[in-house]
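Here's start07.txt, which has compact mmCIF, C-alpha atoms and all ligand atoms:
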```txt
# COMPACT_ATOMS: atom_id res chain seq x y z
CA MET A 1 -26.41 -11.42 -10.51
CA ASP A 2 -26.04 -8.02 -12.17
CA ASN A 3 -24.64 -4.80 -10.69
CA ALA A 4 -27.93 -3.54 -9.28
CA HIS A 5 -28.96 -6.83 -7.71
CA THR A 6 -25.51 -7.44 -6.20
CA LEU A 7 -25.42 -3.96 -4.71
CA ASP A 8 -28.95 -4.27 -3.40
CA LEU A 9 -28.22 -7.50 -1.54
CA ALA A 10 -24.81 -6.24 -0.38
CA ARG A 11 -26.42 -3.25 1.32
CA SER A 12 -28.59 -5.58 3.41
CA LEU A 13 -25.56 -7.68 4.36
CA PHE A 14 -22.57 -5.39 4.89
CA PRO A 15 -22.26 -1.93 6.46
CA GLY A 16 -22.08 0.45 3.50
CA GLY A 17 -22.49 -2.56 1.21
CA VAL A 18 -18.77 -3.41 1.40
CA ASN A 19 -16.16 -5.29 3.39
CA SER A 20 -13.53 -2.51 3.25
CA PRO A 21 -14.43 1.20 3.26
CA VAL A 22 -12.66 2.49 0.15
CA ARG A 23 -14.68 0.06 -2.00
CA SER A 24 -17.78 2.16 -1.26
CA PHE A 25 -16.60 4.85 -3.74
CA GLN A 26 -17.78 7.38 -1.13
CA ALA A 27 -14.62 9.45 -1.61
CA VAL A 28 -15.50 10.03 -5.27
CA GLY A 29 -19.22 10.48 -4.70
CA GLY A 30 -20.33 7.16 -6.11
CA GLU A 31 -21.59 3.78 -5.00
CA PRO A 32 -19.82 0.39 -4.85
CA LEU A 33 -19.02 -1.13 -8.25
CA PRO A 34 -19.37 -4.93 -8.13
CA ILE A 35 -16.51 -6.58 -10.01
CA ALA A 36 -17.26 -10.11 -11.18
CA ARG A 37 -14.00 -11.15 -12.83
CA GLY A 38 -10.70 -9.99 -14.25
CA GLY A 39 -7.98 -10.99 -16.67
CA GLY A 40 -4.68 -9.23 -17.37
CA ALA A 41 -5.17 -5.47 -17.18
CA GLN A 42 -8.96 -5.70 -17.36
CA VAL A 43 -11.80 -6.19 -14.93
CA PHE A 44 -15.48 -6.77 -15.70
CA ASP A 45 -18.33 -5.53 -13.56
CA ALA A 46 -21.32 -7.73 -12.76
CA ASP A 47 -23.16 -6.33 -15.81
CA GLY A 48 -20.28 -7.62 -17.96
CA ARG A 49 -18.85 -4.19 -18.73
CA PRO A 50 -15.04 -4.13 -19.14
CA TYR A 51 -12.65 -1.59 -17.62
CA VAL A 52 -8.92 -0.98 -17.90
CA ASP A 53 -8.01 -1.46 -14.24
CA PHE A 54 -5.56 0.70 -12.30
CA VAL A 55 -6.81 -0.38 -8.87
CA GLY A 56 -4.83 -3.61 -9.09
CA ALA A 57 -6.53 -4.82 -5.89
CA PHE A 58 -4.77 -1.85 -4.20
CA GLY A 59 -1.30 -3.20 -4.82
CA PRO A 60 -0.87 -6.98 -4.98
CA LEU A 61 -1.46 -7.53 -8.70
CA LEU A 62 1.80 -6.49 -10.33
CA LEU A 63 1.27 -9.32 -12.83
CA GLY A 64 -2.33 -8.35 -13.55
CA HIS A 65 -5.48 -10.37 -12.93
CA ALA A 66 -5.56 -14.16 -13.11
CA HIS A 67 -1.99 -14.62 -14.31
CA PRO A 68 -1.85 -18.23 -15.65
CA ALA A 69 1.17 -19.23 -13.52
CA VAL A 70 -0.53 -17.97 -10.35
CA VAL A 71 -3.86 -19.59 -11.16
CA GLU A 72 -2.18 -22.91 -11.86
CA ALA A 73 -0.15 -22.79 -8.64
CA VAL A 74 -3.25 -22.08 -6.54
CA GLN A 75 -5.23 -24.86 -8.23
CA ARG A 76 -2.45 -27.32 -7.63
CA ALA A 77 -2.10 -26.28 -3.99
CA ALA A 78 -5.86 -26.45 -3.38
CA ALA A 79 -6.04 -29.97 -4.74
CA ALA A 80 -3.42 -31.01 -2.19
CA GLY A 81 -5.29 -29.63 0.81
CA THR A 82 -6.12 -26.05 1.77
CA ALA A 83 -4.80 -25.87 5.35
CA PHE A 84 -2.99 -28.06 7.85
CA GLY A 85 -2.19 -25.99 10.92
CA ALA A 86 1.36 -27.23 10.57
CA LEU A 87 4.69 -26.26 9.08
CA THR A 88 4.55 -26.79 5.30
CA PRO A 89 7.14 -26.93 2.50
CA GLY A 90 5.26 -24.06 0.80
CA GLU A 91 6.14 -21.67 3.64
CA VAL A 92 9.79 -22.60 3.35
CA ALA A 93 9.72 -22.15 -0.42
CA LEU A 94 8.26 -18.63 -0.29
CA GLY A 95 10.28 -17.71 2.82
CA GLN A 96 13.52 -18.65 1.06
CA ARG A 97 12.68 -16.54 -1.98
CA ILE A 98 11.93 -13.56 0.23
CA GLN A 99 15.01 -14.02 2.37
CA ASP A 100 17.27 -14.36 -0.67
CA ALA A 101 15.83 -11.21 -2.21
CA THR A 102 15.69 -9.03 0.92
CA GLY A 103 18.39 -10.24 3.30
CA LEU A 104 15.84 -10.30 6.15
CA GLU A 105 17.39 -12.64 8.72
CA ARG A 106 14.12 -14.10 10.03
CA LEU A 107 10.50 -13.89 8.89
CA ARG A 108 7.03 -14.57 10.16
CA PHE A 109 4.09 -14.94 7.80
CA VAL A 110 0.74 -13.50 8.87
CA ASN A 111 -2.57 -12.95 7.09
CA SER A 112 -2.52 -9.22 6.38
CA GLY A 113 -0.37 -6.12 6.38
CA THR A 114 -2.26 -4.98 9.45
CA GLU A 115 -1.04 -8.01 11.39
CA ALA A 116 2.51 -7.45 10.16
CA THR A 117 2.72 -3.85 11.40
CA MET A 118 0.92 -4.67 14.66
CA THR A 119 3.43 -7.44 15.34
CA ALA A 120 6.39 -5.23 14.40
CA ILE A 121 5.28 -2.62 16.96
CA ARG A 122 4.82 -5.26 19.66
CA LEU A 123 8.29 -6.61 18.93
CA ALA A 124 9.83 -3.14 19.05
CA ARG A 125 8.21 -2.43 22.42
CA ALA A 126 9.43 -5.74 23.79
CA ALA A 127 12.94 -5.25 22.42
CA THR A 128 13.32 -1.73 23.85
CA GLY A 129 11.13 -1.82 26.94
CA ARG A 130 9.66 1.50 25.75
CA GLU A 131 6.11 2.55 24.87
CA PHE A 132 5.99 5.45 22.36
CA VAL A 133 5.69 4.83 18.64
CA VAL A 134 6.29 7.52 16.02
CA LYS A 135 4.36 7.43 12.75
CA PHE A 136 3.93 10.02 10.01
CA ASP A 137 0.80 11.89 9.05
CA GLY A 138 -0.77 10.35 5.95
CA CYS A 139 1.11 7.05 6.21
CA TYR A 140 -1.18 4.04 6.56
CA HIS A 141 -0.06 1.01 8.50
CA GLY A 142 -3.27 -1.00 8.68
CA HIS A 143 -6.12 -0.66 11.13
CA SER A 144 -4.77 -1.76 14.53
CA ASP A 145 -5.72 0.59 17.39
CA GLY A 146 -2.36 2.26 17.95
CA LEU A 147 -1.60 2.84 14.28
CA LEU A 148 -4.88 4.56 13.46
CA ALA A 149 -3.82 7.49 15.60
CA ARG A 150 -3.20 10.74 13.82
CA ALA A 151 -2.73 14.25 15.12
CA GLY A 152 -3.29 17.72 13.80
CA SER A 153 -0.71 18.26 11.14
CA GLY A 154 2.39 20.34 11.42
CA VAL A 155 3.28 19.94 15.06
CA ALA A 156 4.65 17.04 17.04
CA THR A 157 1.66 16.21 19.18
CA LEU A 158 0.60 12.99 20.74
CA GLY A 159 -1.96 11.16 18.70
CA LEU A 160 -5.64 11.75 18.84
CA SER A 161 -7.48 8.77 17.48
CA ASP A 162 -8.61 8.89 13.88
CA SER A 163 -11.27 6.29 14.58
CA ALA A 164 -14.07 5.96 17.08
CA GLY A 165 -13.52 3.04 19.41
CA VAL A 166 -9.81 3.62 19.94
CA PRO A 167 -9.28 4.64 23.58
CA PRO A 168 -7.45 7.97 23.97
CA SER A 169 -5.02 6.20 26.30
CA VAL A 170 -4.01 3.90 23.43
CA ALA A 171 -3.80 6.69 20.85
CA ALA A 172 -1.70 8.73 23.28
CA LEU A 173 1.18 6.28 22.83
CA THR A 174 1.45 7.13 19.12
CA ALA A 175 3.11 10.37 18.06
CA VAL A 176 2.22 11.62 14.61
CA LEU A 177 4.79 13.77 12.82
CA PRO A 178 4.66 15.36 9.36
CA TYR A 179 6.22 13.36 6.51
CA ASN A 180 9.36 14.86 4.93
CA ASP A 181 10.07 16.97 8.03
CA PRO A 182 13.44 16.00 9.54
CA ALA A 183 13.27 18.90 12.04
CA ALA A 184 10.06 17.51 13.55
CA LEU A 185 11.73 14.13 14.00
CA SER A 186 14.78 15.74 15.63
CA ALA A 187 12.54 17.71 17.97
CA TRP A 188 10.68 14.56 18.92
CA PHE A 189 13.89 12.72 19.77
CA ALA A 190 15.26 15.73 21.67
CA ALA A 191 12.27 15.42 24.01
CA HIS A 192 11.43 11.69 24.08
CA ALA A 193 14.48 9.73 22.97
CA ASP A 194 14.56 7.28 25.86
CA GLN A 195 10.82 6.55 25.67
CA THR A 196 10.52 5.79 21.94
CA ALA A 197 10.28 2.13 20.92
CA ALA A 198 9.84 2.49 17.18
CA VAL A 199 9.60 4.80 14.22
CA ILE A 200 7.38 3.28 11.55
CA VAL A 201 7.32 4.73 8.05
CA GLU A 202 6.37 4.02 4.45
CA PRO A 203 9.69 4.46 2.58
CA MET A 204 7.57 5.88 -0.22
CA ALA A 205 4.22 7.09 1.04
CA ALA A 206 1.56 5.51 -1.14
CA ASN A 207 -1.54 5.93 1.01
CA MET A 208 -1.99 9.71 0.69
CA GLY A 209 -1.57 9.42 -3.04
CA LEU A 210 2.06 8.87 -3.94
CA VAL A 211 4.35 11.19 -1.94
CA LEU A 212 8.07 10.63 -2.42
CA PRO A 213 10.56 10.94 0.44
CA GLU A 214 13.15 13.71 0.31
CA GLU A 215 16.80 13.02 1.09
CA PRO A 216 17.04 15.06 4.35
CA PHE A 217 14.03 13.17 5.72
CA LEU A 218 15.58 9.81 4.81
CA ALA A 219 18.89 10.88 6.36
CA ALA A 220 17.08 11.69 9.63
CA LEU A 221 15.27 8.33 9.52
CA ARG A 222 18.56 6.54 9.00
CA ALA A 223 20.39 8.33 11.81
CA LEU A 224 18.06 9.37 14.64
CA PRO A 225 16.31 6.14 15.68
CA ARG A 226 19.58 4.22 15.64
CA ALA A 227 21.36 6.90 17.68
CA HIS A 228 18.69 6.64 20.39
CA GLY A 229 18.17 2.90 20.59
CA THR A 230 14.83 3.12 18.77
CA LEU A 231 13.90 0.51 16.17
CA LEU A 232 13.23 1.66 12.62
CA VAL A 233 10.31 -0.21 11.04
CA ALA A 234 10.00 0.07 7.26
CA ASP A 235 6.44 -0.62 6.14
CA GLU A 236 7.05 -2.07 2.69
CA VAL A 237 3.62 -3.66 2.36
CA ILE A 238 3.16 -1.74 -0.90
CA THR A 239 6.74 -1.08 -1.98
CA GLY A 240 8.18 -4.53 -1.27
CA PHE A 241 8.71 -6.33 -4.62
CA ARG A 242 6.85 -3.47 -6.38
CA LEU A 243 9.81 -1.50 -7.76
CA HIS A 244 12.23 -4.34 -8.24
CA TYR A 245 12.77 -7.87 -6.97
CA GLY A 246 13.17 -7.25 -3.23
CA LEU A 247 12.78 -4.28 -0.88
CA SER A 248 12.56 -0.70 -2.13
CA GLY A 249 16.17 -0.09 -1.07
CA VAL A 250 15.18 3.29 0.36
CA LEU A 251 15.78 2.38 4.02
CA PRO A 252 18.28 -0.48 4.19
CA GLU A 253 18.94 0.47 7.84
CA ALA A 254 15.50 -0.75 8.95
CA ASP A 255 15.57 -3.14 11.92
CA LEU A 256 12.20 -4.62 10.99
CA VAL A 257 10.38 -4.71 7.67
CA CYS A 258 6.68 -5.32 7.01
CA LEU A 259 5.61 -6.99 3.78
CA GLY A 260 2.27 -7.94 2.25
CA LYS A 261 0.30 -7.48 -0.97
CA ILE A 262 2.61 -8.65 -3.84
CA ILE A 263 4.22 -11.48 -1.83
CA GLY A 264 0.80 -13.15 -1.63
CA GLY A 265 0.06 -12.89 -5.35
CA GLY A 266 -3.46 -11.57 -4.66
CA LEU A 267 -4.30 -13.83 -1.73
CA PRO A 268 -4.43 -12.60 1.90
CA VAL A 269 -0.92 -12.20 3.28
CA GLY A 270 1.50 -10.25 5.41
CA ALA A 271 4.97 -10.84 6.79
CA VAL A 272 7.23 -9.23 9.33
CA GLY A 273 10.95 -9.80 9.16
CA GLY A 274 14.32 -8.43 10.08
CA ARG A 275 17.09 -8.72 12.67
CA ALA A 276 17.42 -12.24 14.02
CA ASP A 277 17.89 -11.01 17.61
CA VAL A 278 14.64 -9.03 17.52
CA MET A 279 12.67 -11.73 15.67
CA ALA A 280 13.88 -14.24 18.29
CA LEU A 281 11.59 -12.45 20.76
CA LEU A 282 8.58 -13.95 18.96
CA ALA A 283 6.83 -16.95 20.50
CA PRO A 284 7.67 -19.80 20.68
CA GLU A 285 11.33 -18.71 20.80
CA GLY A 286 10.63 -15.64 22.93
CA PRO A 287 8.01 -13.90 25.09
CA VAL A 288 6.16 -11.85 22.41
CA TYR A 289 2.94 -13.63 21.52
CA GLN A 290 1.65 -13.78 17.96
CA ALA A 291 -0.24 -16.59 16.22
CA GLY A 292 -2.52 -17.34 13.28
CA THR A 293 -4.73 -20.30 12.41
CA LEU A 294 -4.27 -19.75 8.69
CA SER A 295 -0.84 -18.04 8.71
CA GLY A 296 1.42 -19.37 5.96
CA ASN A 297 -1.60 -20.91 4.24
CA PRO A 298 -0.61 -23.27 1.40
CA LEU A 299 -2.73 -21.49 -1.25
CA VAL A 300 -1.27 -18.12 -0.32
CA MET A 301 2.28 -19.44 -0.26
CA ALA A 302 1.80 -21.04 -3.69
CA ALA A 303 0.37 -17.85 -5.19
CA GLY A 304 3.21 -15.82 -3.68
CA ALA A 305 5.96 -18.16 -4.86
CA ALA A 306 4.49 -18.35 -8.38
CA THR A 307 4.30 -14.54 -8.50
CA LEU A 308 7.89 -14.10 -7.33
CA ASP A 309 9.11 -16.69 -9.82
CA VAL A 310 7.61 -14.70 -12.68
CA LEU A 311 8.94 -11.43 -11.23
CA PHE A 312 12.43 -12.84 -10.70
CA ALA A 313 13.18 -12.55 -14.42
CA GLY A 314 12.90 -8.78 -14.06
CA THR A 315 11.02 -8.17 -17.31
CA PRO A 316 7.64 -7.59 -15.59
CA TYR A 317 9.22 -4.67 -13.70
CA LEU A 318 10.53 -3.14 -16.91
CA ARG A 319 7.20 -3.60 -18.67
CA ALA A 320 5.11 -2.16 -15.85
CA ALA A 321 7.41 0.83 -15.34
CA GLU A 322 7.54 1.52 -19.07
CA SER A 323 3.75 1.52 -19.31
CA ALA A 324 3.56 3.76 -16.25
CA ARG A 325 6.06 6.15 -17.81
CA HIS A 326 3.96 6.37 -20.98
CA LEU A 327 0.92 6.97 -18.83
CA GLU A 328 2.71 9.72 -16.89
CA ASP A 329 3.80 11.41 -20.11
CA GLY A 330 0.34 11.18 -21.64
CA LEU A 331 -1.41 12.46 -18.53
CA THR A 332 1.06 15.32 -18.11
CA THR A 333 0.46 16.43 -21.69
CA ALA A 334 -3.30 16.11 -21.31
CA ILE A 335 -3.20 18.20 -18.10
CA ARG A 336 -1.20 20.93 -19.81
CA ARG A 337 -3.48 21.00 -22.85
CA ALA A 338 -6.62 21.09 -20.72
CA GLY A 339 -5.16 23.83 -18.52
CA VAL A 340 -6.14 21.89 -15.40
CA PRO A 341 -4.44 22.52 -12.02
CA ALA A 342 -3.22 18.93 -11.65
CA SER A 343 0.11 17.16 -11.35
CA VAL A 344 1.37 13.62 -11.76
CA VAL A 345 3.76 11.82 -9.40
CA ARG A 346 5.27 8.50 -10.48
CA CYS A 347 7.79 6.02 -9.20
CA GLY A 348 8.22 2.80 -11.17
CA SER A 349 4.74 1.35 -11.69
CA MET A 350 3.07 3.52 -9.01
CA LEU A 351 1.42 6.79 -9.99
CA THR A 352 -0.96 9.44 -8.65
CA LEU A 353 -2.72 12.28 -10.44
CA PHE A 354 -3.17 14.99 -7.80
CA TRP A 355 -5.76 17.65 -8.40
CA ARG A 356 -3.33 20.41 -7.35
CA SER A 357 -0.79 22.12 -9.53
CA THR A 358 2.33 20.84 -7.73
CA PRO A 359 3.09 17.42 -6.21
CA PRO A 360 2.50 17.39 -2.44
CA ARG A 361 5.37 16.92 0.02
CA ASP A 362 3.20 15.78 2.92
CA TYR A 363 -0.37 15.02 3.92
CA THR A 364 -1.23 18.66 4.62
CA GLU A 365 -0.40 19.49 1.01
CA ALA A 366 -2.02 16.33 -0.35
CA ARG A 367 -5.26 17.31 1.39
CA GLN A 368 -5.23 20.64 -0.42
CA SER A 369 -6.11 18.70 -3.60
CA ASP A 370 -9.53 19.43 -5.09
CA THR A 371 -11.18 16.14 -4.16
CA ALA A 372 -14.53 17.16 -5.69
CA ALA A 373 -12.85 17.70 -9.07
CA PHE A 374 -11.01 14.40 -8.65
CA GLY A 375 -14.38 12.72 -7.99
CA ARG A 376 -15.81 14.16 -11.23
CA PHE A 377 -12.65 13.03 -13.08
CA HIS A 378 -12.98 9.56 -11.58
CA ARG A 379 -16.61 9.25 -12.71
CA ALA A 380 -15.83 10.46 -16.22
CA MET A 381 -12.98 7.95 -16.49
CA ARG A 382 -15.21 5.16 -15.27
CA ASP A 383 -17.86 6.10 -17.82
CA ALA A 384 -15.12 5.87 -20.46
CA GLY A 385 -14.13 2.37 -19.33
CA VAL A 386 -11.14 3.16 -17.09
CA LEU A 387 -11.28 2.15 -13.43
CA LEU A 388 -9.09 4.31 -11.18
CA PRO A 389 -8.68 3.83 -7.42
CA PRO A 390 -11.76 5.54 -5.96
CA SER A 391 -9.99 8.23 -3.91
CA GLN A 392 -7.58 11.11 -4.48
CA PHE A 393 -5.43 9.54 -1.77
CA GLU A 394 -4.92 6.12 -3.33
CA THR A 395 -2.08 5.25 -5.68
CA TRP A 396 -2.73 3.91 -9.17
CA PHE A 397 -1.06 0.58 -9.82
CA VAL A 398 0.14 -0.23 -13.32
CA SER A 399 0.79 -3.92 -13.96
CA ALA A 400 3.02 -5.84 -16.33
CA ALA A 401 -0.19 -6.80 -18.16
CA HIS A 402 -1.01 -3.22 -19.19
CA SER A 403 -0.40 -2.86 -22.93
CA GLU A 404 0.44 0.21 -24.95
CA ALA A 405 -3.15 0.12 -26.23
CA ASN A 406 -4.45 0.14 -22.63
CA VAL A 407 -2.32 3.18 -21.85
CA ASP A 408 -3.28 5.01 -25.05
CA ALA A 409 -6.97 4.42 -24.35
CA THR A 410 -6.50 5.70 -20.81
CA VAL A 411 -4.73 8.86 -21.92
CA GLU A 412 -7.40 9.54 -24.53
CA ALA A 413 -10.14 9.09 -21.92
CA ALA A 414 -8.24 11.35 -19.51
CA ALA A 415 -7.95 14.17 -22.05
CA ALA A 416 -11.75 14.39 -22.16
CA ALA A 417 -12.33 13.56 -18.47
CA LEU A 418 -9.98 16.31 -17.26
CA ARG A 419 -11.96 18.91 -19.18
CA ALA A 420 -15.28 17.45 -18.05
CA ALA A 421 -14.14 17.51 -14.41
CA MET A 422 -13.08 21.17 -14.62
CA ALA A 423 -16.57 22.35 -15.52
C1 LIG B 501 -2.22 -2.11 2.60
C2 LIG B 501 -1.25 -1.61 3.60
C3 LIG B 501 -1.23 -2.10 4.91
C4 LIG B 501 -2.29 -3.01 5.46
O1 LIG B 501 -2.33 -4.22 4.79
P1 LIG B 501 -3.70 -5.10 4.87
O2 LIG B 501 -3.33 -6.37 4.21
O3 LIG B 501 -4.73 -4.29 4.14
O4 LIG B 501 -4.04 -5.22 6.31
C5 LIG B 501 -0.21 -1.69 5.74
N1 LIG B 501 0.73 -0.83 5.31
C6 LIG B 501 0.73 -0.33 4.06
C7 LIG B 501 1.81 0.59 3.64
C8 LIG B 501 -0.28 -0.68 3.18
O5 LIG B 501 -0.32 -0.14 1.96
```
What does the file become when written as structure tokens?
Ligand SMILES: *Cc1c(COP(=O)(O)O)cnc(C)c1O
Amino acid sequence: MDNAHTLDLARSLFPGGVNSPVRSFQAVGGEPLPIARGGGAQVFDADGRPYVDFVGAFGPLLLGHAHPAVVEAVQRAAAAGTAFGALTPGEVALGQRIQDATGLERLRFVNSGTEATMTAIRLARAATGREFVVKFDGCYHGHSDGLLARAGSGVATLGLSDSAGVPPSVAALTAVLPYNDPAALSAWFAAHADQTAAVIVEPMAANMGLVLPEEPFLAALRALPRAHGTLLVADEVITGFRLHYGLSGVLPEADLVCLGKIIGGGLPVGAVGGRADVMALLAPEGPVYQAGTLSGNPLVMAAGAATLDVLFAGTPYLRAAESARHLEDGLTTAIRRAGVPASVVRCGSMLTLFWRSTPPRDYTEARQSDTAAFGRFHRAMRDAGVLLPPSQFETWFVSAAHSEANVDATVEAAAAALRAAMA
């Protein structure tokens, strides 16, 4: 089945032809690109055309596509049975690796990051007996009702839903504050301290493009929730095991941590973990219900453990970050030479090229990027054989499989694409 045929059939099967919205390429003015296979840093579309891939499945594939150790682990697990609906040694094996690396006292595996954050919020509400949740504009925590809420930027207002189908009464329990704004967080706590169950945050915001936290904001996150009996939830679904072996280290004070993506090695996964006293509220130990037919699935656990075993050596982190640094340098030079109003933000193996002259500090600034120009840049890169995440507001993921040649080819393509996109 080639690209055209796949897309044709997909449109008659799935809304928008896809099973997750960003895959539609709508944000860059394109149509879904069917990917048939991948290996290392490359993917191939259904016509057989290769691309250097910086989507990385939106985060999980720090080792690149079809890493031999991961493939072998999944094959072995599949041959031994794909699901049991019972405790398995595989869950213990991956759980131990995560606990050793993160210090999380207790864990629960779920099937997605969305489930992890949803469960963390439920736990925080049960632990505190309070209802309000604070999130930050531009941070993504999955698609559960309460966490899709977002307000007009700039002011501490109660959430208006960002999605049809979320009742205003549900959205009203979520306050949305600007990222990197400690004063807004102080003001919120001055007014609502004894009603706030949780503050949930991406320690590095990677879902509005990459926006790095500033020290005063982190200081407020460390101090204010704790001072008011509010739980701090660090959403490390992207950052967990991405920068080094373990959590990002940015918010060690977090009471609960959400994980996903890399810990499943490219299979569907999530986990919530943290303080033993809070986690003890989960059924069957406690009164907070949460369950999953396929949670802790043996194939997922095997892929995750194999991935962590390769990462444990540390060299994949060095390789991925080194490639990302070369990419940052090359892109920065190309931007300067082309005279384009763009900027590059990087942390470890995560990177975003923003079509605005300075890196944004929050979602309001990120949204000032020229998304039409980014769309033209994206198309030109794709035509040159480089697949970037199809939105200005997604982070590029460099893997340990990206070679110097991959990066050089990307920089060369970008030099031309930046100019083409300006026109
Ligand atoms: C991807 C992501 C999620 C949601 O994870 P899914 O597995 O897509 O449900 C939650 N939080 C963050 C920070 C993410 O990047």
Give the answer as one residue: which of A:Asp47, A:Glu328, A:Glu214, A:Asp100 has the shortest atom-to-atom distance to Leu247 in chain A, using only C-alpha atoms?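 Closest to Leu247 in chain A, using only C-alpha atoms: A:Asp100.
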Nearest residue to Ala405 in chain A from the set A:Thr119, A:Ser295, A:Thr315, A:Ser323 (distances using all atoms listed in the file):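 Under the stated criterion, the closest residue is A:Ser323.
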Within 12 Å of (-15.0, 6.5, 2.4) (file coordinates; all atoms listed in the file), which protein or nucleic acid residues are there? I'd like them as a list in words.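 The residues that fall inside the cut-off are Pro15, Gly16, Gly17, Val18, Asn19, Ser20, Pro21, Val22, Arg23, Ser24, Phe25, Gln26, Ala27, Val28, Gly29, Gly30, Glu31, Pro32, Pro389, Pro390, Ser391, Gln392, Phe393 and Glu394 of chain A.
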Using only C-alpha atoms, find the one residue out of A:Ala380, A:Leu311, A:Val344, A:Ala205 that sits nearest to Val250 in chain A. A:Ala205
Please identify the residues whose atoms come within 6 Å of ligand LIG 501 (chain B), using all atoms listed in the file, and report them as a list of chain:residue names.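 Residues satisfying the distance criterion: A:Ser112, A:Gly113, A:Thr114, A:Tyr140, A:His141, A:Gly142, A:Glu202, A:Asp235, A:Glu236, A:Val237, A:Ile238.
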Can you write just those residues out, C-alpha atoms, as a PDB file, in the coordinates of the input?
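Written file, part.pdb:
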```pdb
ATOM      1  CA  SER A 112      -2.520  -9.220   6.380  1.00  0.00           C
ATOM      2  CA  GLY A 113      -0.370  -6.120   6.380  1.00  0.00           C
ATOM      3  CA  THR A 114      -2.260  -4.980   9.450  1.00  0.00           C
ATOM      4  CA  TYR A 140      -1.180   4.040   6.560  1.00  0.00           C
ATOM      5  CA  HIS A 141      -0.060   1.010   8.500  1.00  0.00           C
ATOM      6  CA  GLY A 142      -3.270  -1.000   8.680  1.00  0.00           C
ATOM      7  CA  GLU A 202       6.370   4.020   4.450  1.00  0.00           C
ATOM      8  CA  ASP A 235       6.440  -0.620   6.140  1.00  0.00           C
ATOM      9  CA  GLU A 236       7.050  -2.070   2.690  1.00  0.00           C
ATOM     10  CA  VAL A 237       3.620  -3.660   2.360  1.00  0.00           C
ATOM     11  CA  ILE A 238       3.160  -1.740  -0.900  1.00  0.00           C
TER      12      ILE A 238
END
```
Between CA of Ala184 in chain A and CA of Ala197 in chain A, measure the distance and give it in Å to one decimal.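 Straight-line distance from CA of Ala184 in chain A to CA of Ala197 in chain A works out to 17.1 Å.
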Name the closest residue to Val340 in chain A among the candidates A:Met301, A:Leu318, A:Met422, A:Ala175; distances are taken between atoms, counting all atoms listed in the file.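 Under the stated criterion, the closest residue is A:Met422.
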Would you compute the distance between CA of Ala83 in chain A and CA of Leu294 in chain A? Give it in Å to one decimal. 7.0 Å
As a check of understanding: the span from CA of Val52 in chain A to CA of Ala416 in chain A is 16.2 Å
Could you pull out every residue with an atom within 8 Å of (-8.7, -12.0, -14.3), file coordinates, counting only C-alpha atoms, and send them as a VMD selection string? chain A and resid 37 to 43 64 to 67
Padding 3 Å on every side, please: axis-aligned box over the listed atoms of range 404-409 of chain A, centre and edge lengths to one decimal in Å, as JSON.
```
{"center_x": -3.3, "center_y": 2.6, "center_z": -24.0, "size_x": 13.4, "size_y": 10.9, "size_z": 10.4}
```
Shortest interatomic distance to Arg379 in chain A - which of A:Phe14, A:Ala187, A:Leu33, A:Gly330, counting only C-alpha atoms: A:Leu33
From the list A:Leu256, A:Leu63, A:Val55, A:Ala116, which residue is nearest Ala401 in chain A when using all atoms listed in the file?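 Using all atoms listed in the file, the shortest distance to Ala401 in chain A belongs to A:Leu63.
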Spatial neighbours of range 122-131 of chain A, 7 Å, only C-alpha atoms, chain gap at least 4 places, as JSON, numbers by chain: {"A": [118, 173, 195, 196, 197, 198, 231, 278, 281, 288]}
